[in-house]
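Enquirer: Sharing data28.cif, mmCIF, C-alpha atoms:
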```cif
data_query
loop_
_atom_site.label_atom_id
_atom_site.label_comp_id
_atom_site.auth_asym_id
_atom_site.auth_seq_id
_atom_site.Cartn_x
_atom_site.Cartn_y
_atom_site.Cartn_z
CA MET A 26 117.26 91.46 112.63
CA ALA A 27 114.59 93.81 111.27
CA LYS A 28 115.02 95.46 107.92
CA LYS A 29 115.49 99.23 107.99
CA MET A 30 113.91 101.99 105.89
CA ALA A 31 115.19 105.57 105.88
CA ILE A 32 113.07 108.33 104.31
CA ILE A 33 114.01 111.96 103.74
CA ALA A 34 110.96 114.25 103.45
CA SER A 35 111.92 117.63 102.03
CA LYS A 36 108.72 118.96 100.47
CA GLY A 37 105.87 120.73 102.23
CA THR A 38 103.03 120.35 99.74
CA LEU A 39 99.85 118.33 100.15
CA ASP A 40 100.72 115.95 97.32
CA SER A 41 104.21 115.38 98.74
CA ALA A 42 102.95 114.84 102.29
CA TYR A 43 101.34 111.47 101.72
CA PRO A 44 104.18 109.32 100.29
CA PRO A 45 106.56 109.44 103.29
CA PHE A 46 103.81 108.59 105.79
CA LEU A 47 102.19 105.92 103.61
CA LEU A 48 105.48 104.21 102.86
CA ALA A 49 106.68 104.46 106.45
CA SER A 50 103.48 103.09 107.99
CA THR A 51 103.38 100.24 105.47
CA ALA A 52 107.02 99.36 106.10
CA ALA A 53 106.45 99.47 109.87
CA ALA A 54 103.47 97.13 109.47
CA LEU A 55 105.80 94.76 107.61
CA GLY A 56 108.25 94.81 110.51
CA PHE A 57 110.76 97.38 109.27
CA GLU A 58 112.50 99.81 111.59
CA VAL A 59 111.62 103.15 109.98
CA LYS A 60 112.89 106.70 110.42
CA ILE A 61 111.74 109.77 108.48
CA PHE A 62 114.02 112.81 108.44
CA PHE A 63 112.03 116.02 107.82
CA THR A 64 114.16 118.80 106.42
CA PHE A 65 113.54 122.20 104.86
CA TYR A 66 109.93 122.51 103.65
CA GLY A 67 109.20 118.94 104.72
CA LEU A 68 109.31 120.20 108.30
CA GLN A 69 105.82 121.66 107.69
CA LEU A 70 104.50 118.09 107.77
CA LEU A 71 105.25 117.91 111.50
CA THR A 72 103.54 121.13 112.53
CA LYS A 73 100.32 121.04 114.56
CA THR A 74 98.35 122.88 111.91
CA PRO A 75 100.01 122.33 108.55
CA ASN A 76 98.64 124.60 105.83
CA LEU A 77 99.61 122.43 102.88
CA LYS A 78 98.67 123.29 99.35
CA VAL A 79 98.96 121.60 95.99
CA SER A 80 99.90 123.54 92.90
CA PRO A 81 99.03 122.53 89.37
CA LEU A 82 101.86 124.76 88.15
CA GLY A 83 104.78 122.65 87.01
CA ASN A 84 102.85 119.47 87.75
CA PRO A 85 101.64 118.21 84.37
CA ALA A 86 100.55 114.86 85.81
CA MET A 87 97.95 116.47 88.07
CA PRO A 88 94.51 115.47 86.81
CA MET A 89 92.29 118.48 86.33
CA PRO A 90 88.58 118.31 85.46
CA ILE A 91 89.40 120.06 82.19
CA PRO A 92 92.75 120.48 80.45
CA VAL A 93 94.41 123.64 81.75
CA PRO A 94 97.17 125.24 79.68
CA SER A 95 100.33 126.08 81.65
CA ILE A 96 99.91 129.85 81.23
CA ILE A 97 96.48 129.73 82.88
CA GLN A 98 97.91 127.90 85.89
CA ILE A 99 99.43 131.15 87.20
CA ILE A 100 96.00 132.74 87.64
CA PRO A 101 95.42 133.74 91.27
CA GLY A 102 93.08 131.32 93.00
CA LEU A 103 93.91 128.30 90.89
CA GLU A 104 96.22 126.93 93.61
CA TRP A 105 93.37 127.29 96.12
CA PHE A 106 91.05 125.45 93.74
CA ALA A 107 93.56 122.65 93.11
CA THR A 108 94.09 122.25 96.88
CA TRP A 109 90.35 122.18 97.55
CA MET A 110 89.84 119.66 94.75
CA MET A 111 92.58 117.37 96.09
CA LYS A 112 91.31 117.54 99.69
CA ARG A 113 87.78 116.75 98.48
CA LYS A 114 89.01 113.79 96.44
CA ILE A 115 91.01 112.45 99.42
CA LYS A 116 87.93 112.70 101.65
CA ASN A 117 85.52 111.24 99.08
CA LYS A 118 87.81 108.26 98.44
CA GLY A 119 88.09 107.54 102.16
CA ILE A 120 91.85 108.11 102.22
CA ALA A 121 93.29 108.73 105.68
CA SER A 122 93.98 112.36 106.50
CA LEU A 123 97.52 113.60 107.03
CA GLU A 124 96.81 113.83 110.76
CA GLU A 125 95.63 110.21 110.82
CA LEU A 126 98.69 109.01 108.90
CA ARG A 127 101.03 110.83 111.26
CA GLU A 128 99.32 109.21 114.24
CA ILE A 129 99.52 105.76 112.62
CA CYS A 130 103.25 106.28 112.12
CA ILE A 131 103.76 107.34 115.74
CA GLU A 132 101.72 104.38 117.01
CA SER A 133 103.76 102.09 114.72
CA GLU A 134 106.99 103.40 116.27
CA VAL A 135 108.17 105.17 113.12
CA GLU A 136 110.69 107.76 114.31
CA LEU A 137 109.78 111.20 112.98
CA ILE A 138 112.91 113.35 113.10
CA ALA A 139 112.82 117.12 112.72
CA CYS A 140 116.07 118.40 111.22
CA GLN A 141 117.57 120.58 113.94
CA MET A 142 119.33 122.87 111.46
CA THR A 143 116.02 123.53 109.67
CA VAL A 144 114.21 124.09 112.97
CA ASP A 145 116.79 126.76 113.79
CA LEU A 146 116.82 128.21 110.26
CA PHE A 147 113.06 128.80 110.17
CA ASP A 148 112.72 129.77 113.87
CA PHE A 149 110.38 126.93 114.80
CA LYS A 150 109.51 126.45 118.48
CA ASP A 151 108.69 123.22 120.33
CA GLN A 152 105.03 124.24 120.55
CA ASP A 153 104.81 124.40 116.73
CA PHE A 154 105.16 120.63 116.43
CA ILE A 155 102.97 117.62 117.10
CA ASP A 156 103.86 115.40 120.03
CA GLY A 157 105.94 112.30 119.48
CA ILE A 158 108.70 113.65 117.26
CA SER A 159 112.41 113.81 117.88
CA ARG A 160 115.11 116.22 116.76
CA GLY A 161 118.36 115.35 115.13
CA GLY A 162 121.04 116.39 112.74
CA ALA A 163 121.89 115.08 109.33
CA ALA A 164 124.90 113.16 110.63
CA THR A 165 122.80 111.16 113.07
CA PHE A 166 120.22 110.34 110.41
CA LEU A 167 122.87 109.43 107.85
CA GLU A 168 124.35 106.92 110.28
CA PHE A 169 120.97 105.13 110.30
CA ALA A 170 120.48 105.59 106.54
CA SER A 171 123.89 104.08 105.79
CA GLU A 172 122.69 100.84 107.35
CA ALA A 173 119.19 100.95 105.83
CA ASP A 174 117.97 98.34 103.38
CA ILE A 175 115.87 101.01 101.65
CA THR A 176 116.56 104.75 101.54
CA LEU A 177 114.11 107.12 99.85
CA TYR A 178 114.23 110.84 99.14
CA ILE A 179 110.81 112.44 98.75
#
```
Starting from the file, give its structure as structure tokens.

Expert:
Amino acid sequence: MAKKMAIIASKGTLDSAYPPFLLASTAAALGFEVKIFFTFYGLQLLTKTPNLKVSPLGNPAMPMPIPVPSIIQIIPGLEWFATWMMKRKIKNKGIASLEELREICIESEVELIACQMTVDLFDFKDQDFIDGISRGGAATFLEFASEADITLYI
């Protein structure tokens, strides 16, 4: 019987987008049955054109080219710069894009589940999402998670 991994993705930022897909695709490659439940802001990760940003504010571990005091991090445009810098670093290091990681997960039979309550809450439509996802409620996902060998909340 295959091991199971359950992941809850609840954040819709660029830096929070990578862990669920990287962990899921790796686990699938190792033979795990994997399901990711996308809820609240994590639902953005399943949209056709996600506009994900990264904020240095409240993220002291984010490496900046120069030390930036917290008060300066609220300056308009700094979030844009941090997002641009992160996207450039991802590209320059040859890291797979979010779109590529999502496709790898789908091809690896990772089930990507959009939380139905969140879909309704934020008025998402079917056409907002990439192909290959499913919809489900928390109860259905929790049934799988209760039997999982590994459960992660990201």

Enquirer: Using all atoms listed in the file, which of the listed residues (A:Ala173, A:Leu68, A:Ile129, A:Ala121) sits closest to Lys150 (chain A)?

Expert: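 Looking only at the distances to Lys150 (chain A), the closest residue turns out to be A:Leu68.
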
Enquirer: Closest to Lys114 (chain A) among A:Asp40, A:Ala31, A:Gln69, A:Leu137, using only C-alpha atoms?

Expert: A:Asp40

Enquirer: What residues come out when you apply the PyMOL selection byres ((chain A and resi 136) around 9) to this file, written as a ChimeraX atom specification?

Expert: /A:58-62,130-131,133-135,137-138,157-159

Enquirer: Record the distance separating CA of Phe46 (chain A) and CA of Leu126 (chain A), expressed in Å with one decimal.

Expert: 6.0 Å

Enquirer: I'd like the neighbourhood of Pro45 (chain A) as an MDAnalysis selection string, where a residue qualifies if any of its atoms comes within 8 Å (using all atoms listed in the file), though same-chain residues fewer than 6 positions away should be ignored.

Expert: chainID A and resid 32:34 61 179

Enquirer: Would you pick out the contacts of Asn76 (chain A) at 10 Å or less, using all atoms listed in the file, so that residues sharing its chain but fewer than 3 positions from it are not included, and give the list as a PyMOL selection string?

Expert: chain A and resi 37-39+69-70+72-73

Enquirer: Report, in Å with one decimal, the straight-line distance from CA of Leu177 (chain A) to CA of Ser80 (chain A).

Expert: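 CA of Ser80 (chain A) lies 22.8 Å from CA of Leu177 (chain A).
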
Enquirer: Taking (105.6, 127.6, 118.3) in the file's own coordinates, collect the residues within 12 Å, counting only C-alpha atoms, and hand them back as a VMD selection string.

Expert: chain A and resid 71 to 74 144 147 to 155

Enquirer: So how far away is CA of Gly161 (chain A) from CA of Cys140 (chain A), in Å?

Expert: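 Here the two named atoms are 5.5 Å from each other.
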
Enquirer: From the list A:Met111, A:Met30, A:Tyr178, A:Ala164, which residue is nearest Gly67 (chain A) when using only C-alpha atoms?

Expert: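 Comparing A:Met111, A:Met30, A:Tyr178, A:Ala164 against Gly67 (chain A), the winner is A:Tyr178.
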
Enquirer: Please evaluate the PyMOL selection byres ((chain A and resi 107) around 9) against the displayed coordinates and give the resulting residues as a count of residues only.

Expert: 15

Enquirer: Looking at all atoms listed in the file, which of A:Ala27, A:Pro75, A:Ala163, A:Thr64 is the one that sits closest to Ala52 (chain A)?

Expert: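 Residue with the minimum atom-to-atom distance to Ala52 (chain A): A:Ala27.
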